[in-house]
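**Student:** Hey, dropping structure.txt in here, compact mmCIF, C-alpha atoms:
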```txt
# COMPACT_ATOMS: atom_id res chain seq x y z
CA MET H 1 -79.76 65.47 -63.36
CA THR H 2 -80.61 62.59 -65.65
CA THR H 3 -83.17 63.05 -68.39
CA GLY H 4 -85.18 60.81 -70.64
CA VAL H 5 -85.87 57.12 -70.22
CA GLY H 6 -82.67 55.80 -71.82
CA CYS H 7 -81.09 55.15 -68.41
CA LEU H 8 -83.87 52.76 -67.39
CA HIS H 9 -84.22 49.02 -67.75
CA PRO H 10 -85.44 48.50 -71.34
CA LEU H 11 -88.76 47.01 -70.23
CA ALA H 12 -89.22 49.73 -67.60
CA GLN H 13 -88.56 52.26 -70.35
CA GLU H 14 -91.34 50.72 -72.45
CA ALA H 15 -93.66 50.78 -69.44
CA VAL H 16 -93.02 54.49 -68.80
CA ILE H 17 -93.73 55.29 -72.45
CA LYS H 18 -96.97 53.26 -72.33
CA ALA H 19 -98.03 55.13 -69.19
CA TYR H 20 -97.45 58.52 -70.81
CA LYS H 21 -99.41 57.47 -73.88
CA LYS H 22 -102.35 56.62 -71.62
CA LEU H 23 -102.06 59.84 -69.65
CA PHE H 24 -101.72 62.13 -72.66
CA PRO H 25 -103.51 60.70 -75.71
CA PRO H 26 -102.23 62.12 -79.01
CA GLY H 27 -104.33 64.68 -80.84
CA SER H 28 -106.11 64.10 -84.14
CA ASN H 29 -102.89 64.98 -85.98
CA GLY H 30 -100.95 62.38 -83.97
CA GLU H 31 -98.92 64.94 -82.00
CA THR H 32 -98.29 64.46 -78.29
CA VAL H 33 -97.75 67.11 -75.63
CA TYR H 34 -94.83 65.31 -74.02
CA ASP H 35 -91.27 64.60 -75.10
CA ILE H 36 -90.12 61.40 -73.48
CA ASP H 37 -86.49 62.58 -73.65
CA ARG H 38 -87.32 65.59 -71.46
CA LEU H 39 -88.39 63.54 -68.45
CA GLU H 40 -86.27 64.58 -65.47
CA ASP H 41 -84.49 62.25 -63.06
CA MET H 42 -86.20 59.12 -64.27
CA GLU H 43 -83.38 56.96 -62.92
CA LEU H 44 -84.73 56.85 -59.39
CA THR H 45 -81.98 54.98 -57.57
CA LEU H 46 -78.72 56.66 -58.47
CA PRO H 47 -76.06 56.09 -55.77
CA GLU H 48 -76.05 59.77 -54.81
CA GLN H 49 -79.81 59.58 -54.26
CA GLN H 50 -79.50 57.08 -51.43
CA LYS H 51 -78.84 59.81 -48.86
CA ILE H 52 -81.53 60.96 -46.44
CA TYR H 53 -82.45 63.74 -48.84
CA ASN H 54 -82.80 61.52 -51.89
CA ILE H 55 -84.94 63.16 -54.50
CA GLY H 56 -85.55 59.96 -56.37
CA THR H 57 -88.71 58.79 -54.62
CA SER H 58 -87.13 55.45 -53.78
CA SER H 59 -90.41 54.60 -52.04
CA ILE H 60 -93.99 55.77 -52.16
CA THR H 61 -96.79 55.19 -49.66
CA ALA H 62 -99.90 53.29 -50.69
CA ARG H 63 -101.90 56.39 -49.72
CA THR H 64 -100.06 58.54 -52.24
CA MET H 65 -99.84 55.93 -54.97
CA ASN H 66 -103.53 55.07 -54.82
CA TYR H 67 -104.61 58.71 -54.91
CA LEU H 68 -102.38 59.60 -57.85
CA LEU H 69 -103.38 56.56 -59.90
CA GLN H 70 -107.08 57.12 -59.24
CA ASN H 71 -107.08 60.87 -59.87
CA VAL H 72 -104.31 61.51 -62.37
CA TYR H 73 -106.64 62.70 -65.15
CA TRP H 74 -108.43 65.11 -62.82
CA ILE H 75 -105.09 66.45 -61.62
CA ASN H 76 -104.12 67.06 -65.24
CA VAL H 77 -107.41 68.89 -65.90
CA CYS H 78 -106.77 71.16 -62.92
CA LEU H 79 -103.25 71.86 -64.18
CA LEU H 80 -104.56 72.69 -67.63
CA VAL H 81 -107.25 75.14 -66.51
CA ASN H 82 -105.90 76.69 -63.30
CA ALA H 83 -102.81 78.91 -63.36
CA ASP H 84 -102.63 79.06 -59.55
CA PHE H 85 -102.64 75.26 -59.41
CA ARG H 86 -99.80 75.12 -61.94
CA SER H 87 -97.88 77.71 -59.93
CA CYS H 88 -98.20 75.62 -56.79
CA PHE H 89 -96.79 72.61 -58.65
CA ASP H 90 -93.91 74.75 -59.93
CA ASP H 91 -93.14 75.82 -56.36
CA ALA H 92 -93.29 72.24 -55.07
CA ILE H 93 -90.92 71.07 -57.80
CA MET H 94 -88.46 73.88 -57.07
CA ILE H 95 -88.54 72.97 -53.37
CA GLU H 96 -87.81 69.31 -54.11
CA LYS H 97 -84.89 70.30 -56.32
CA ALA H 98 -83.58 72.73 -53.70
CA LEU H 99 -83.68 70.00 -51.07
CA MET H 100 -81.03 68.14 -53.06
CA GLN H 101 -78.60 70.89 -52.07
CA VAL H 102 -79.13 71.02 -48.29
CA ASP H 103 -77.57 69.08 -45.45
CA ASP H 104 -79.35 66.44 -43.40
CA ILE H 105 -80.40 68.80 -40.61
CA GLN H 106 -81.92 71.34 -42.98
CA TYR H 107 -83.66 68.55 -44.85
CA ARG H 108 -85.16 67.05 -41.70
CA ASP H 109 -86.25 70.46 -40.41
CA PHE H 110 -88.06 71.23 -43.66
CA ARG H 111 -89.77 67.86 -43.82
CA ASP H 112 -90.88 68.20 -40.20
CA ASP H 113 -92.36 71.64 -40.93
CA MET H 114 -94.30 70.30 -43.92
CA THR H 115 -95.61 67.14 -42.26
CA LEU H 116 -99.32 67.03 -41.49
CA PRO H 117 -101.22 64.48 -39.38
CA VAL H 118 -102.64 61.55 -41.33
CA SER H 119 -106.34 60.86 -40.80
CA ASP H 120 -107.51 57.58 -39.29
CA ASP H 121 -108.90 56.58 -42.69
CA ASP H 122 -105.42 56.81 -44.19
CA LEU H 123 -103.54 54.94 -41.49
CA SER H 124 -104.03 51.64 -43.31
CA ASN H 125 -102.39 53.16 -46.41
CA THR H 126 -99.09 54.19 -44.84
CA LYS H 127 -97.29 51.08 -46.11
CA SER H 128 -94.52 52.05 -48.52
CA PHE H 129 -93.56 50.45 -51.80
CA GLY H 130 -90.03 50.51 -53.17
CA ILE H 131 -89.49 51.97 -56.63
CA ASN H 132 -86.57 51.04 -58.85
CA LEU H 133 -86.85 51.72 -62.56
CA GLY H 134 -83.39 50.30 -63.06
CA SER H 135 -85.07 46.90 -62.84
CA TYR H 136 -88.38 45.61 -64.17
CA ARG H 137 -91.34 43.76 -62.68
CA GLY H 138 -94.21 42.91 -64.96
CA SER H 139 -96.63 42.73 -62.04
CA VAL H 140 -95.91 46.37 -61.17
CA GLU H 141 -96.40 47.51 -64.75
CA GLY H 142 -99.66 45.56 -64.93
CA LEU H 143 -100.90 47.12 -61.71
CA VAL H 144 -100.08 50.69 -62.76
CA LEU H 145 -101.52 50.39 -66.25
CA SER H 146 -104.68 48.68 -65.00
CA GLN H 147 -105.19 51.49 -62.48
CA PHE H 148 -104.71 54.06 -65.23
CA GLN H 149 -107.34 52.23 -67.28
CA LYS H 150 -109.79 52.21 -64.36
CA ALA H 151 -109.18 55.93 -63.83
CA TRP H 152 -109.72 56.55 -67.56
CA ASP H 153 -112.97 54.54 -67.55
CA LYS H 154 -114.29 56.63 -64.68
CA PHE H 155 -113.14 59.76 -66.46
CA ILE H 156 -115.10 58.70 -69.54
CA ASP H 157 -118.19 58.15 -67.38
CA SER H 158 -117.83 61.70 -66.07
CA GLY H 159 -118.12 63.05 -69.63
CA MET H 160 -114.78 64.86 -69.44
CA THR H 161 -112.78 63.12 -72.14
CA ASP H 162 -113.63 65.45 -75.05
CA ALA H 163 -112.85 68.51 -72.95
CA TYR H 164 -109.59 66.91 -71.77
CA GLN H 165 -108.48 66.18 -75.32
CA ALA H 166 -109.36 69.71 -76.38
CA LEU H 167 -107.24 71.09 -73.56
CA LEU H 168 -104.31 68.86 -74.50
CA ASP H 169 -104.58 69.98 -78.13
CA GLU H 170 -104.37 73.59 -76.98
CA VAL H 171 -101.17 73.16 -74.94
CA PRO H 172 -98.55 73.78 -77.66
CA ARG H 173 -100.28 76.98 -78.80
CA ASN H 174 -101.02 78.45 -75.39
CA ARG H 175 -98.17 80.65 -74.20
CA ASP H 176 -99.56 80.95 -70.68
CA MET H 177 -100.43 77.30 -70.13
CA GLY H 178 -98.01 75.43 -72.40
CA PRO H 179 -94.53 75.93 -70.92
CA ALA H 180 -95.65 75.54 -67.30
CA PHE H 181 -97.73 72.43 -67.98
CA LEU H 182 -94.97 70.81 -70.04
CA ASN H 183 -92.37 71.50 -67.36
CA ILE H 184 -94.59 69.92 -64.73
CA ILE H 185 -95.38 66.72 -66.62
CA HIS H 186 -91.69 66.26 -67.45
CA ALA H 187 -90.77 66.67 -63.75
CA VAL H 188 -93.18 63.96 -62.61
CA VAL H 189 -90.69 62.38 -60.19
CA TYR H 190 -90.42 65.62 -58.25
CA VAL H 191 -94.22 65.92 -58.19
CA VAL H 192 -94.58 62.40 -56.81
CA ASN H 193 -91.89 63.11 -54.21
CA ALA H 194 -93.72 66.27 -53.13
CA MET H 195 -97.07 64.46 -52.88
CA ASN H 196 -95.40 61.71 -50.89
CA ARG H 197 -93.31 63.84 -48.53
CA ASN H 198 -94.71 67.39 -48.49
CA GLY H 199 -97.92 67.23 -46.47
CA VAL H 200 -98.91 70.84 -47.19
CA PHE H 201 -98.65 70.34 -50.96
CA ASP H 202 -100.42 66.99 -50.78
CA LYS H 203 -103.37 68.47 -48.88
CA TYR H 204 -103.65 71.43 -51.26
CA VAL H 205 -103.73 69.15 -54.31
CA ARG H 206 -106.41 66.95 -52.80
CA LEU H 207 -108.60 69.89 -51.80
CA VAL H 208 -108.47 71.47 -55.26
CA VAL H 209 -109.01 68.22 -57.15
CA GLU H 210 -111.91 67.05 -55.00
CA SER H 211 -113.53 70.48 -55.31
CA VAL H 212 -113.27 70.41 -59.10
CA LYS H 213 -114.64 66.87 -59.28
CA LYS H 214 -117.68 67.88 -57.28
CA GLN H 215 -118.25 71.05 -59.31
CA LEU H 216 -118.21 69.06 -62.54
CA GLY H 217 -120.62 66.47 -61.19
CA GLU H 218 -118.24 63.53 -61.03
CA GLU H 219 -119.45 62.65 -57.53
```
What would the structure in this file look like if it were written as C-alpha cells?

**Tutor:**
Amino acid sequence: MTTGVGCLHPLAQEAVIKAYKKLFPPGSNGETVYDIDRLEDMELTLPEQQKIYNIGTSSITARTMNYLLQNVYWINVCLLVNADFRSCFDDAIMIEKALMQVDDIQYRDFRDDMTLPVSDDDLSNTKSFGINLGSYRGSVEGLVLSQFQKAWDKFIDSGMTDAYQALLDEVPRNRDMGPAFLNIIHAVVYVVNAMNRNGVFDKYVRLVVESVKKQLGEE
C-alpha cells in the first residue's frame, strides 16, 4: 500500500491537496480534519494494479464521476451524522481491499454478484475516463475543481455550510465519529472504486444521500 501524495506527479500532488482543502475547509483555529500523508493508495497506476482486479480505479465512468463531484458535500454530511452510513463505507472499503487478494475468477464472480442494471437515464453516462495521477493534465484539474466549486455554491444555497463546518470541527473530539470518518476520507480511492464497480454500494449511497437532501429541503 502506498500512502500520501509524495508518489504523485508534483502538479497532481498540488491538485489533490487543493481538492482536499475545498472538501474539508479548516476550522476557525486553522486545523484540518485530514492528514494528506495518510491518504491510501494515491498512486493509482502501479504496475501490480494493472491486473483485472486492480484496486487503483484506473478508470471511472462519467455516471460515477458526475454524481460524486455534484454530491460530495452531501455525502460528507451523511458520513458525519449517520453511523450506519459510515459503517457501510467501512464495509465497502474492506471489500475493495480484500479483492486485491483474490484470483481472477473470484474477482469476476464478486463483481458479477454486485452488478445492478443501469437505468436508461444513465446509459449516456457509461463512458469511462482514465485516471493517472502519475501524470498531470491541467484541464482535468480545472474540471474537478470547478465542479467542486459548483457543488459548494449549491451547498451554500441550501443553507448547510455552517452546520457542515460545525460537524467538521467536532470530528477530532468525537470518539464515535472521528476515527471512522477519518479512515474513510483517507481511503478515498477505495470509496471511488466501490462507487464505480460495486452496484449495491452505489445504489445504497445514492438512496441515502437523495433522501437526506430532500429532508433538508435542498430539492

**Student:** Distance atom CA of Asp90 of chain H-atom CA of Glu40 of chain H, one decimal place?

**Tutor:**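 Interatomic distance, atom CA of Asp90 of chain H to atom CA of Glu40 of chain H: 13.9 Å.
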
**Student:** Please compute the atom CA of Gln70 of chain H-atom CA of Ala15 of chain H distance, one decimal, in Å.

**Tutor:**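 Answer for the atom CA of Gln70 of chain H to atom CA of Ala15 of chain H separation: 18.0 Å.
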
**Student:** Restricting the calculation to all atoms listed in the file: of H:Ser146, H:Gly134, H:Arg175, H:Ala92, which residue gets closest to Asn196 of chain H?

**Tutor:**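 Nearest to Asn196 of chain H: H:Ala92.
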
**Student:** Taking (-117.3, 64.2, -59.8) in the file's coordinates, which residues come within 12 Å, counting only C-alpha atoms, written as a PyMOL selection string?

**Tutor:** chain H and resi 71+74+154-160+209-219

**Student:** Could you state the separation of atom CA of Phe24 of chain H and atom CA of Arg38 of chain H in Å, given to one decimal place?

**Tutor:**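 Spanning atom CA of Phe24 of chain H to atom CA of Arg38 of chain H is a straight-line distance of 14.9 Å.
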
**Student:** For segment 19-22 of chain H, work out the shell of residues within 8 Å, counting all atoms listed in the file and skipping chain neighbours fewer than 5 positions away, then give it as a ChimeraX atom specification.

**Tutor:** /H:34,145,148-149

**Student:** Select, from H:Arg197, H:Pro25, H:Leu182, H:Val188, the residue with the minimum atom-to-atom distance to Thr61 of chain H, counting all atoms listed in the file.

**Tutor:** H:Arg197

**Student:** Could you check which of H:Leu11, H:Gly199, H:Asp153, H:Met65 is closest to Gly138 of chain H, using all atoms listed in the file?

**Tutor:** H:Leu11

**Student:** Choose the residue, out of H:Lys127, H:Val192, H:Leu168, H:Ser28, that has the smallest atom-to-atom separation from Val205 of chain H; count only C-alpha atoms.

**Tutor:**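 Of H:Lys127, H:Val192, H:Leu168, H:Ser28, the one nearest Val205 of chain H is H:Val192, counting only C-alpha atoms.
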
**Student:** Rank nothing, just name the residue among H:Gln147, H:Asn132, H:Tyr107, H:Leu80 nearest to Asn174 of chain H, using all atoms listed in the file.

**Tutor:**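 Using all atoms listed in the file, the shortest distance to Asn174 of chain H belongs to H:Leu80.
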
**Student:** Applying 9 Å and only C-alpha atoms, which residues near Cys7 of chain H remain after dropping the ones on its own chain fewer than 2 positions away? List them as number ranges by chain.

**Tutor:** H: 2-5, 9-10, 13, 42-43, 133-134
